[in-house]
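Q: Hey, dropping work-v3.txt in here, compact mmCIF, C-alpha atoms and all ligand atoms:
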# COMPACT_ATOMS: atom_id res chain seq x y z
CA MET M 17 26.87 -18.70 -0.75
CA ALA M 18 24.39 -19.16 -3.53
CA ASP M 19 21.31 -17.01 -3.26
CA LYS M 20 18.57 -18.72 -1.38
CA LYS M 21 15.31 -18.93 -3.22
CA LYS M 22 12.41 -16.73 -2.16
CA ILE M 23 8.95 -18.25 -2.16
CA LEU M 24 5.45 -16.97 -2.84
CA PHE M 25 2.98 -19.16 -0.96
CA VAL M 26 -0.13 -18.46 -3.02
CA ASP M 27 -3.65 -19.21 -1.86
CA ARG M 28 -6.13 -20.33 -4.52
CA ASP M 29 -9.77 -19.51 -3.76
CA GLY M 30 -10.41 -15.80 -3.25
CA THR M 31 -6.88 -15.05 -4.46
CA LEU M 32 -6.20 -16.53 -7.91
CA ILE M 33 -9.80 -17.38 -8.57
CA LEU M 34 -12.98 -15.98 -7.08
CA GLU M 35 -14.56 -17.80 -4.19
CA PRO M 36 -18.28 -18.51 -4.66
CA GLU M 37 -20.79 -17.98 -1.85
CA ASP M 38 -20.74 -21.67 -0.91
CA CYS M 39 -16.91 -21.49 -0.74
CA GLN M 40 -16.47 -24.54 -3.00
CA VAL M 41 -15.29 -24.31 -6.62
CA ASP M 42 -16.50 -27.75 -7.63
CA SER M 43 -17.50 -27.19 -11.24
CA ILE M 44 -16.07 -25.48 -14.30
CA ALA M 45 -19.06 -23.13 -14.26
CA LYS M 46 -17.81 -21.73 -10.95
CA LEU M 47 -14.29 -21.06 -12.24
CA LYS M 48 -13.79 -17.31 -12.43
CA PHE M 49 -10.42 -15.62 -12.09
CA TYR M 50 -9.69 -12.75 -9.72
CA PRO M 51 -9.36 -9.55 -11.80
CA ASN M 52 -5.84 -9.18 -13.22
CA ALA M 53 -4.59 -12.23 -11.36
CA ILE M 54 -3.58 -13.93 -14.59
CA SER M 55 -1.79 -10.98 -16.17
CA MET M 56 0.04 -9.94 -13.02
CA MET M 57 0.98 -13.50 -12.01
CA ALA M 58 2.36 -13.93 -15.52
CA ARG M 59 4.64 -10.94 -14.99
CA ILE M 60 5.61 -12.13 -11.53
CA ALA M 61 6.50 -15.54 -12.97
CA LYS M 62 8.44 -14.06 -15.86
CA GLU M 63 10.20 -11.05 -14.36
CA LEU M 64 10.67 -11.77 -10.67
CA ASP M 65 12.65 -14.44 -8.94
CA TYR M 66 10.23 -16.36 -6.73
CA MET M 67 9.37 -19.99 -6.37
CA LEU M 68 5.59 -20.41 -6.70
CA VAL M 69 3.94 -22.67 -4.15
CA MET M 70 0.17 -23.11 -3.98
CA VAL M 71 -1.32 -23.68 -0.53
CA THR M 72 -5.04 -24.21 -0.26
CA ASN M 73 -7.66 -25.58 2.12
CA GLN M 74 -10.31 -27.60 0.28
CA ASP M 75 -12.74 -28.59 3.01
CA GLY M 76 -13.83 -32.21 2.76
CA LEU M 77 -12.16 -32.88 -0.56
CA GLY M 78 -12.60 -36.52 -1.51
CA THR M 79 -15.85 -36.94 0.42
CA ALA M 80 -19.31 -37.23 -1.10
CA SER M 81 -19.91 -33.51 -0.63
CA TYR M 82 -16.80 -32.63 -2.62
CA PRO M 83 -15.67 -35.41 -5.00
CA GLN M 84 -12.03 -35.45 -6.05
CA LYS M 85 -13.07 -35.50 -9.69
CA ALA M 86 -14.87 -32.16 -9.35
CA PHE M 87 -11.76 -30.57 -7.88
CA ASP M 88 -9.45 -32.14 -10.48
CA GLU M 89 -11.51 -30.78 -13.35
CA VAL M 90 -11.42 -27.21 -12.07
CA GLN M 91 -7.79 -27.39 -10.96
CA GLY M 92 -6.77 -28.92 -14.31
CA LEU M 93 -8.41 -26.22 -16.38
CA MET M 94 -7.13 -23.46 -14.11
CA LEU M 95 -3.53 -24.72 -14.37
CA GLU M 96 -3.88 -25.10 -18.12
CA ILE M 97 -4.97 -21.47 -18.45
CA LEU M 98 -2.21 -20.26 -16.11
CA GLY M 99 0.33 -22.43 -17.91
CA SER M 100 -0.65 -20.91 -21.25
CA VAL M 101 0.77 -17.56 -20.10
CA GLY M 102 3.85 -19.06 -18.48
CA ILE M 103 2.67 -19.41 -14.87
CA GLU M 104 3.99 -22.73 -13.56
CA PHE M 105 3.74 -23.62 -9.90
CA ASP M 106 6.68 -25.44 -8.36
CA ALA M 107 4.56 -27.23 -5.77
CA PHE M 108 1.00 -27.74 -4.56
CA HIS M 109 -0.18 -28.32 -1.01
CA VAL M 110 -3.87 -29.10 -0.66
CA ASP M 111 -5.38 -29.77 2.74
CA ARG M 112 -8.63 -31.66 2.53
CA SER M 113 -9.73 -31.68 6.18
CA PHE M 114 -12.76 -30.00 7.72
CA PRO M 115 -12.18 -27.16 10.20
CA ASN M 116 -13.37 -29.18 13.22
CA GLU M 117 -10.73 -31.85 12.59
CA ASN M 118 -8.02 -29.36 13.61
CA SER M 119 -5.61 -30.90 11.16
CA PRO M 120 -1.98 -29.81 11.60
CA ASN M 121 -1.92 -29.35 7.81
CA ARG M 122 -4.86 -26.98 7.63
CA LYS M 123 -4.14 -23.30 7.19
CA PRO M 124 -3.08 -21.37 9.19
CA ARG M 125 -1.10 -24.38 10.40
CA ILE M 126 1.94 -25.30 8.40
CA GLY M 127 2.24 -29.07 8.65
CA MET M 128 2.54 -29.35 4.86
CA LEU M 129 5.22 -26.69 4.63
CA THR M 130 7.93 -27.81 7.05
CA SER M 131 10.25 -28.82 4.19
CA TYR M 132 10.60 -25.13 3.29
CA LEU M 133 11.82 -24.28 6.77
CA ASN M 134 15.07 -26.23 6.66
CA GLY M 135 17.22 -23.14 6.08
CA GLU M 136 17.59 -23.64 2.34
CA TYR M 137 15.07 -20.95 1.45
CA ASP M 138 14.98 -17.20 1.95
CA ILE M 139 11.89 -17.29 4.15
CA GLU M 140 12.38 -13.78 5.51
CA ASN M 141 11.88 -12.34 2.03
CA SER M 142 9.12 -14.74 1.07
CA PHE M 143 5.42 -13.89 1.18
CA VAL M 144 2.08 -15.54 1.63
CA ILE M 145 -0.52 -14.14 -0.77
CA GLY M 146 -4.06 -14.79 0.40
CA ASP M 147 -7.46 -13.32 1.06
CA ARG M 148 -8.19 -14.55 4.57
CA ILE M 149 -6.84 -13.57 7.91
CA THR M 150 -5.78 -17.23 8.27
CA ASP M 151 -3.40 -16.60 5.35
CA VAL M 152 -1.83 -13.80 7.37
CA GLU M 153 -1.67 -16.10 10.36
CA MET M 154 0.04 -18.71 8.22
CA ALA M 155 2.67 -16.14 7.23
CA LYS M 156 3.31 -15.54 10.91
CA ASN M 157 3.67 -19.29 11.47
CA ILE M 158 6.07 -19.61 8.54
CA GLY M 159 8.13 -16.62 9.66
CA CYS M 160 7.44 -14.37 6.70
CA LYS M 161 5.00 -11.58 5.87
CA ALA M 162 1.67 -11.67 4.08
CA ILE M 163 0.23 -9.86 1.13
CA TRP M 164 -3.36 -9.71 2.22
CA ILE M 165 -5.98 -9.41 -0.48
CA ASN M 166 -8.65 -7.63 1.50
CA ASP M 167 -11.67 -6.72 -0.56
CA GLY M 168 -13.79 -6.68 2.58
CA SER M 169 -15.53 -9.94 1.74
CA ASN M 170 -13.91 -11.97 4.48
CA LEU M 171 -14.15 -9.28 7.11
CA GLY M 172 -16.82 -8.54 9.65
CA GLY M 173 -17.35 -9.97 13.07
CA ASP M 174 -15.50 -8.91 16.19
CA GLU M 175 -13.42 -12.04 16.30
CA ILE M 176 -11.90 -11.36 12.89
CA SER M 177 -11.44 -7.64 13.61
CA SER M 178 -9.45 -8.37 16.74
CA LYS M 179 -7.39 -10.94 14.85
CA VAL M 180 -6.64 -8.37 12.15
CA HIS M 181 -5.37 -6.02 14.80
CA ALA M 182 -3.20 -8.67 16.44
CA LEU M 183 -1.70 -9.75 13.11
CA ALA M 184 -1.21 -6.29 11.61
CA GLU M 185 2.59 -6.48 11.90
CA TYR M 186 2.61 -9.55 9.63
CA VAL M 187 0.82 -7.74 6.81
CA ALA M 188 3.40 -6.33 4.38
CA LEU M 189 0.74 -5.15 1.96
CA GLU M 190 -3.01 -4.92 2.20
CA THR M 191 -4.74 -4.47 -1.12
CA HIS M 192 -7.51 -5.73 -3.36
CA SER M 193 -5.50 -5.17 -6.53
CA TRP M 194 -3.20 -7.67 -8.25
CA GLU M 195 -1.50 -4.73 -9.96
CA LYS M 196 -0.56 -3.42 -6.52
CA ILE M 197 0.76 -6.86 -5.60
CA TYR M 198 2.98 -6.92 -8.67
CA GLU M 199 4.15 -3.35 -8.02
CA PHE M 200 4.94 -4.21 -4.41
CA LEU M 201 6.89 -7.36 -5.28
CA ARG M 202 8.81 -5.59 -8.01
CA PHE M 203 9.63 -2.29 -6.32
CA GLY M 204 8.93 -2.73 -2.62
CA GLN M 205 7.18 -0.14 -0.55
CA ARG M 206 8.28 3.43 -0.20
CA ARG M 207 8.23 4.13 3.52
CA ALA M 208 9.99 6.46 5.89
CA ALA M 209 9.75 7.01 9.60
CA ALA M 210 11.11 9.99 11.50
CA LYS M 211 11.43 11.17 15.06
CA ARG M 212 12.62 14.69 15.63
CA THR M 213 12.92 16.57 18.87
CA THR M 214 13.91 20.21 19.28
CA ASN M 215 13.26 22.77 21.99
CA GLU M 216 10.17 23.77 20.04
CA THR M 217 8.58 20.55 18.82
CA ASP M 218 8.53 16.83 19.31
CA ILE M 219 7.54 14.99 16.12
CA ASP M 220 6.82 11.37 15.36
CA LEU M 221 6.04 10.46 11.76
CA ASP M 222 5.44 7.31 9.74
CA LEU M 223 4.89 7.69 6.00
CA ASN M 224 3.93 5.06 3.43
CA LEU M 225 3.71 6.39 -0.12
CA ASP M 226 2.13 3.13 -1.27
CA GLY M 227 -0.60 3.00 1.31
CA ASN M 228 -4.37 3.14 1.30
CA GLY M 229 -5.03 6.76 2.26
CA ARG M 230 -5.11 6.12 5.99
CA ALA M 231 -4.38 8.94 8.37
CA SER M 232 -3.69 9.13 12.07
CA ILE M 233 -2.83 12.75 12.65
CA ASP M 234 -2.56 14.82 15.79
CA THR M 235 -0.70 18.09 15.41
CA GLY M 236 -2.48 19.92 18.20
CA ILE M 237 -4.01 22.18 15.53
CA GLY M 238 -7.47 21.04 14.50
CA PHE M 239 -7.58 22.61 11.07
CA LEU M 240 -4.09 21.37 10.19
CA ASN M 241 -5.20 17.85 11.17
CA HIS M 242 -8.21 18.27 8.88
CA ILE M 243 -6.28 19.36 5.79
CA LEU M 244 -3.58 16.72 6.30
CA GLU M 245 -6.31 14.08 6.56
CA LEU M 246 -7.69 15.38 3.24
CA PHE M 247 -4.19 15.16 1.86
CA THR M 248 -3.74 11.49 2.83
CA LYS M 249 -7.22 10.49 1.70
CA HIS M 250 -6.82 12.00 -1.77
CA SER M 251 -3.21 10.96 -2.31
CA GLY M 252 -3.60 7.34 -1.18
CA ILE M 253 -0.64 7.84 1.13
CA ASP M 254 -0.68 6.51 4.70
CA LEU M 255 0.48 9.06 7.24
CA LYS M 256 0.86 8.81 10.98
CA LEU M 257 1.92 12.12 12.45
CA THR M 258 2.09 13.35 16.01
CA VAL M 259 3.33 16.84 16.76
CA LYS M 260 3.76 18.09 20.30
CA GLY M 261 4.71 21.69 19.78
CA ASP M 262 5.06 24.91 21.75
CA LEU M 263 1.51 26.03 21.04
CA HIS M 264 1.66 28.24 24.13
CA VAL M 265 4.02 30.42 22.05
CA ASP M 266 2.02 30.16 18.82
CA GLU M 267 1.32 27.72 15.96
CA HIS M 268 4.39 28.64 13.92
CA HIS M 269 6.89 26.00 15.01
CA SER M 270 4.38 23.17 14.95
CA VAL M 271 3.29 23.91 11.38
CA GLU M 272 6.82 24.58 10.13
CA ASP M 273 8.41 21.49 11.68
CA ALA M 274 5.56 19.20 10.67
CA ALA M 275 6.01 20.31 7.06
CA ILE M 276 9.81 19.96 7.14
CA VAL M 277 9.70 16.47 8.64
CA LEU M 278 6.95 15.43 6.21
CA GLY M 279 8.95 16.78 3.27
CA GLU M 280 12.15 15.07 4.42
CA ALA M 281 10.25 11.81 4.80
CA PHE M 282 9.15 12.19 1.18
CA THR M 283 12.76 12.59 0.07
CA LYS M 284 13.78 9.50 2.03
CA ALA M 285 10.83 7.38 0.91
CA LEU M 286 11.17 8.34 -2.76
CA GLY M 287 14.79 7.12 -2.74
CA ASN M 288 16.36 7.32 -6.18
CA LYS M 289 12.92 8.00 -7.72
CA ALA M 290 13.40 5.32 -10.36
CA GLY M 291 10.31 4.75 -12.44
CA ILE M 292 8.24 7.62 -11.04
CA GLU M 293 6.34 10.13 -13.17
CA ARG M 294 8.12 13.01 -11.38
CA TYR M 295 5.83 15.82 -12.62
CA ALA M 296 2.17 16.53 -12.00
CA PHE M 297 -0.37 19.31 -12.05
CA TYR M 298 -3.90 19.69 -10.79
CA LEU M 299 -6.79 22.09 -10.89
CA PRO M 300 -9.88 21.56 -8.68
CA MET M 301 -12.75 22.85 -6.70
CA ASP M 302 -16.24 24.37 -6.18
CA GLU M 303 -16.38 28.18 -6.42
CA SER M 304 -12.68 28.12 -5.57
CA SER M 305 -9.98 26.87 -7.86
CA ALA M 306 -6.53 25.68 -7.00
CA THR M 307 -3.73 24.95 -9.41
CA ILE M 308 -0.81 22.89 -8.19
CA LEU M 309 2.27 22.31 -10.34
CA LEU M 310 4.75 19.87 -8.89
CA ASP M 311 8.17 18.55 -9.80
CA PHE M 312 10.04 16.10 -7.56
CA GLY M 313 13.18 16.98 -9.50
CA GLY M 314 15.46 17.58 -6.52
CA ARG M 315 15.43 21.39 -6.58
CA THR M 316 13.46 23.48 -4.14
CA ASP M 317 11.24 26.36 -5.10
CA LEU M 318 7.83 27.66 -4.13
CA GLU M 319 5.79 30.02 -6.27
CA TRP M 320 2.82 31.13 -4.17
CA ASN M 321 -0.12 32.97 -5.66
CA VAL M 322 -2.71 32.80 -2.93
CA SER M 323 -3.90 35.57 -0.64
CA PHE M 324 -6.13 35.39 2.39
CA LYS M 325 -8.28 38.06 4.04
CA ARG M 326 -8.93 36.03 7.15
CA GLU M 327 -6.26 35.89 9.80
CA LYS M 328 -7.12 32.34 10.83
CA ILE M 329 -9.10 29.41 9.51
CA GLY M 330 -10.20 27.45 12.54
CA ASP M 331 -7.14 27.43 14.73
CA LEU M 332 -4.62 27.71 11.89
CA PRO M 333 -3.17 31.15 11.04
CA THR M 334 -3.46 31.62 7.25
CA GLU M 335 0.09 33.01 6.98
CA LEU M 336 1.34 29.58 8.04
CA ILE M 337 -0.25 27.84 5.06
CA LYS M 338 2.28 29.33 2.68
CA HIS M 339 4.95 28.58 5.26
CA PHE M 340 3.80 24.95 5.36
CA PHE M 341 4.25 24.61 1.60
CA LYS M 342 7.64 26.33 1.69
CA SER M 343 8.87 24.04 4.47
CA PHE M 344 7.46 20.97 2.72
CA ALA M 345 9.12 21.95 -0.58
CA GLU M 346 12.46 22.31 1.22
CA GLY M 347 12.13 18.96 2.97
CA ALA M 348 10.90 17.10 -0.11
CA ARG M 349 13.27 18.97 -2.46
CA CYS M 350 10.47 19.68 -4.86
CA ASN M 351 9.36 22.58 -6.98
CA LEU M 352 5.82 23.69 -6.18
CA HIS M 353 3.67 26.33 -7.84
CA VAL M 354 0.43 27.04 -6.03
CA THR M 355 -2.25 29.33 -7.41
CA ALA M 356 -5.70 29.56 -5.88
CA GLN M 357 -8.63 31.90 -5.72
CA GLY M 358 -12.23 31.89 -4.57
CA GLU M 359 -14.61 33.33 -2.00
CA ASN M 360 -14.63 30.83 0.80
CA GLU M 361 -11.17 30.60 2.30
CA HIS M 362 -11.88 27.31 4.04
CA HIS M 363 -12.63 25.89 0.58
CA ILE M 364 -9.56 27.50 -0.91
CA VAL M 365 -7.30 25.79 1.63
CA GLU M 366 -9.07 22.48 1.19
CA GLY M 367 -8.71 22.86 -2.57
CA ILE M 368 -4.98 23.51 -2.24
CA PHE M 369 -4.41 20.44 -0.09
CA LYS M 370 -6.61 18.19 -2.23
CA GLY M 371 -4.80 19.53 -5.29
CA LEU M 372 -1.45 18.81 -3.64
CA ALA M 373 -2.69 15.31 -2.81
CA LYS M 374 -3.67 14.57 -6.40
CA ALA M 375 -0.49 16.10 -7.78
CA VAL M 376 1.63 14.04 -5.38
CA LYS M 377 -0.33 10.92 -6.25
CA ASP M 378 0.37 11.43 -9.95
CA ALA M 379 4.00 12.42 -9.52
CA ILE M 380 4.99 9.46 -7.35
CA ARG M 381 3.12 6.92 -9.47
CA ARG M 382 5.32 4.17 -10.84
CA ASP M 383 4.46 3.00 -14.30
CA ILE M 384 4.31 -0.78 -14.07
CA SER M 385 3.79 -1.08 -17.82
CA LYS M 386 7.46 -0.26 -18.30
CA VAL M 387 9.81 -3.17 -17.83
CA SER M 388 12.85 -1.09 -16.90
CA ASN M 389 12.93 1.40 -14.05
CA GLU M 390 14.40 4.54 -15.50
CA ILE M 391 15.44 7.55 -13.46
CA PRO M 392 13.14 10.30 -14.78
CA SER M 393 15.91 12.68 -15.85
CA THR M 394 18.34 12.94 -18.76
CA LYS M 395 21.03 13.57 -16.13
CA GLY M 396 20.35 10.13 -14.70
CA VAL M 397 19.79 11.52 -11.22
CA VAL M 398 17.04 13.59 -9.63
MG MG G 1 -8.67 -17.93 0.04
Here is a file; write its structure as structure tokens.

A:
Amino acid sequence: MADKKKILFVDRDGTLILEPEDCQVDSIAKLKFYPNAISMMARIAKELDYMLVMVTNQDGLGTASYPQKAFDEVQGLMLEILGSVGIEFDAFHVDRSFPNENSPNRKPRIGMLTSYLNGEYDIENSFVIGDRITDVEMAKNIGCKAIWINDGSNLGGDEISSKVHALAEYVALETHSWEKIYEFLRFGQRRAAAKRTTNETDIDLDLNLDGNGRASIDTGIGFLNHILELFTKHSGIDLKLTVKGDLHVDEHHSVEDAAIVLGEAFTKALGNKAGIERYAFYLPMDESSATILLDFGGRTDLEWNVSFKREKIGDLPTELIKHFFKSFAEGARCNLHVTAQGENEHHIVEGIFKGLAKAVKDAIRRDISKVSNEIPSTKGVV
């Protein structure tokens, strides 16, 4: 069977072009493009295999408050500019009703899009790209996922917040960056989930290397939660981690197994590592300094040059911090050199984890300026 065509259902206002305060782009003076929308859409059009379909609500188009001519002028110039860099839409669907008319064609409803649902298109791997929660809702109605451009401008209000929660599973990517959209469409997301149960620990983990720095962490050890939250925040990785360990024995198994499962999830999520930077180093913070050298090259080693005088920081034994890094390095099959010194040991540990976060962030970064996705090794495998 011939490959079915995938579709990008692209919103216009707030997505390709900026939406003014009065929500109506009815003059050339109001035509401003969303940052990097042109350059990234050009690469999407040229390099990736999607049909481009524009779907937009233009409230009251054709009435006295929004003459057709005003729309045509803006739309014409916009398409001319997009066309000049090779962005050609295959179809346009413009709904011109007001919200209170409840038109079956108005987003999030899909009255104008039924012809795409006849089985001839690869809807499952298609996406809606839009800036409103109604765009996400439209993706749900189509049967695909949404790339939600959320710059915060269309958020606020309990009604929308509860909708966001209800529609979360239909959001494939939430971002305010067109570069991230391109990266996502080209490479996909690097995710891994793990459940692991032993006599000592019960672990549930969900990792997204291309996330937004969101953490939901409960290891039963307050200070470990804190430093892993720092890690996610500064690496831009999303991490959900629950550890139910034998803390009545001591903290050892919980820390060790959390690090192993996290490291293994890294290995899984990184996949063949095509296009990544692979190496990174970092040196931060305050009166303390931490140096992290990192190579996701497939071999495991830990060089550890940190010593602690305190037995515990919060509820975390300091001896387990080295053990965490060792277990992580084994799971993630990476080479880690950690050197840190300072006076305040709380700061030292924070510095190490922030340094790890920044090093990881650099090492897993995919360079979208390159057109080919090379494996970062002369051996062709890492
Ligand atoms: Mg919009």

Q: Do a neighbour search on Ala290 of chain M at 7 Å with all atoms listed in the file, toss out local chain neighbours closer than 3 positions, and write the hits as a PyMOL selection string.

A: chain M and resi 389-392

Q: Around ligand MG 1 (chain G), at most 10 Å away and counting all atoms listed in the file, which residues are there? Put them as a count of residues only, please.

A: 24

Q: With 12 Å as the cut-off and only C-alpha atoms counted, what is the closest atom pair between each nearby residue of segment 255-350 of chain M and segment 237-244 of chain M? Distances in Å to one decimal, ordered by chain and number, as CSV.

A:
residue,atom,partner,partner_atom,distance
M:Leu255,CA,M:Leu244,CA,8.7
M:Lys256,CA,M:Leu244,CA,10.2
M:Leu257,CA,M:Asn241,CA,9.2
M:Thr258,CA,M:Asn241,CA,9.8
M:Val259,CA,M:Ile237,CA,9.2
M:Lys260,CA,M:Ile237,CA,10.0
M:Gly261,CA,M:Ile237,CA,9.7
M:Asp262,CA,M:Ile237,CA,11.3
M:Leu263,CA,M:Ile237,CA,8.7
M:His264,CA,M:Ile237,CA,12.0
M:Asp266,CA,M:Ile237,CA,10.5
M:Glu267,CA,M:Ile237,CA,7.7
M:His268,CA,M:Ile237,CA,10.7
M:His269,CA,M:Ile237,CA,11.6
M:Ser270,CA,M:Ile237,CA,8.5
M:Val271,CA,M:Leu240,CA,7.9
M:Glu272,CA,M:Leu240,CA,11.4
M:Ala274,CA,M:Leu240,CA,9.9
M:Ala275,CA,M:Leu244,CA,10.3
M:Leu278,CA,M:Leu244,CA,10.6
M:Lys328,CA,M:Phe239,CA,9.7
M:Ile329,CA,M:Phe239,CA,7.1
M:Gly330,CA,M:Phe239,CA,5.7
M:Asp331,CA,M:Phe239,CA,6.1
M:Leu332,CA,M:Phe239,CA,6.0
M:Pro333,CA,M:Phe239,CA,9.6
M:Thr334,CA,M:Phe239,CA,10.6
M:Leu336,CA,M:Leu240,CA,10.1
M:Ile337,CA,M:Leu240,CA,9.1
M:Phe340,CA,M:Leu240,CA,9.9

Q: Taking all atoms listed in the file into account, which of M:Asp138, M:Glu327, M:Asp65, M:Glu303 comes nearest Arg202 of chain M?

A: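 Nearest to Arg202 of chain M: M:Asp65.
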
Q: When you look at Glu89 of chain M with a cut-off of 9 Å (counting all atoms listed in the file), what residues show up, excluding the ones that are within fewer than 4 positions of it in the same chain? I need them as a list in words.

A: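 Listed by chain and then number, they are Asp42, Ser43, Ile44, Gln84, Lys85, Leu93 and Met94 of chain M.
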
Q: By how many Å are atom CA of Met128 of chain M and atom CA of Val144 of chain M apart?

A: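 About the pair atom CA of Met128 of chain M and atom CA of Val144 of chain M: they are 14.2 Å apart.
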
Q: Find the distance between atom CA of Ser142 of chain M and atom CA of Arg122 of chain M and write it in Å to one decimal.

A: 19.7 Å

Q: Would you please work out which residue, of M:Leu310, M:Ala86, M:Leu183, M:Leu129, is nearest to Val41 of chain M when using only C-alpha atoms?

A: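 Answer, going by the shortest atom-to-atom distance: M:Ala86.
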
Q: Write out, as a Markdown table, each residue of segment 213-308 of chain M that has an atom at most 6 Å from segment 341-347 of chain M, together with the closest pair of atoms and their distance in Å to one decimal, counting only C-alpha atoms, rows going by chain and rising number.

A:
| residue | atom | partner | partner_atom | distance |
| --- | --- | --- | --- | --- |
| M:Ala275 | CA | M:Phe344 | CA | 4.6 |
| M:Ile276 | CA | M:Gly347 | CA | 4.9 |
| M:Gly279 | CA | M:Gly347 | CA | 3.9 |
| M:Glu280 | CA | M:Gly347 | CA | 4.2 |

Q: Could you write out that same residue set with C-alpha atoms as a PDB file, in the frame of the given file?

A:
ATOM      1  CA  ALA M 275       6.010  20.310   7.060  1.00  0.00           C
ATOM      2  CA  ILE M 276       9.810  19.960   7.140  1.00  0.00           C
ATOM      3  CA  GLY M 279       8.950  16.780   3.270  1.00  0.00           C
ATOM      4  CA  GLU M 280      12.150  15.070   4.420  1.00  0.00           C
TER       5      GLU M 280
END

Q: Would you list the contacts of Ile292 of chain M as a PyMOL selection string, taking every protein, DNA or RNA residue within 12 Å and counting all atoms listed in the file, but skipping same-chain residues closer than 5 positions in sequence?

A: chain M and resi 203+206+225+286-287+311-313+376-386+388-393+398

Q: Taking all listed atoms of segment 371-377 of chain M, build the axis-aligned box, pad each of the six sides by 4 Å, then write its centre and edge lengths in Å to one decimal as JSON.

A:
{"center_x": -1.6, "center_y": 15.2, "center_z": -5.3, "size_x": 14.4, "size_y": 16.6, "size_z": 13.0}

Q: Rounded to one decimal, what separation in Å do you get between atom CA of Ile163 of chain M and atom CA of Phe247 of chain M?

A: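 So the answer is 25.4 Å.
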
Q: Please provide the set of residues having any atom within 8 Å of Ala210 of chain M, restricted to all atoms listed in the file, with same-chain residues fewer than 3 positions apart removed, written as a list in words.

A: Ile219, Asp220, Leu221, Asp222, Val277 and Ala281 of chain M

Q: Quick one: write out the picked residues with C-alpha atoms as a CSV table (one decimal), in the coordinates of the input?

A:
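Below is the file that was written, out_7.csv:
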chain,number,residue,atom,x,y,z
M,219,ILE,CA,7.5,15.0,16.1
M,220,ASP,CA,6.8,11.4,15.4
M,221,LEU,CA,6.0,10.5,11.8
M,222,ASP,CA,5.4,7.3,9.7
M,277,VAL,CA,9.7,16.5,8.6
M,281,ALA,CA,10.2,11.8,4.8

Q: Which residue is closest to Lys249 of chain M? Choose from M:Val354, M:Val152, M:Ala162, M:Ala373 and count all atoms listed in the file.

A: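 When distances to Lys249 of chain M are compared using all atoms listed in the file, the smallest one comes from M:Ala373.
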
Q: If we draw a sphere of 12 Å around (-9.2, 39.6, 0.7), which residues have at least one atom in it when counting all atoms listed in the file? Please report them as a list in words.

A: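 So the residues meeting the distance criterion are Val322, Ser323, Phe324, Lys325, Arg326, Glu327, Thr334, Gln357, Gly358, Glu359, Asn360 and Glu361 of chain M.
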
Q: Between M:Asn134, M:Thr79, M:Ser55, M:Asn118, which residue has the minimum interatomic distance to Ile97 of chain M, considering all atoms listed in the file?

A: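 Result for the nearest residue to Ile97 of chain M: M:Ser55.
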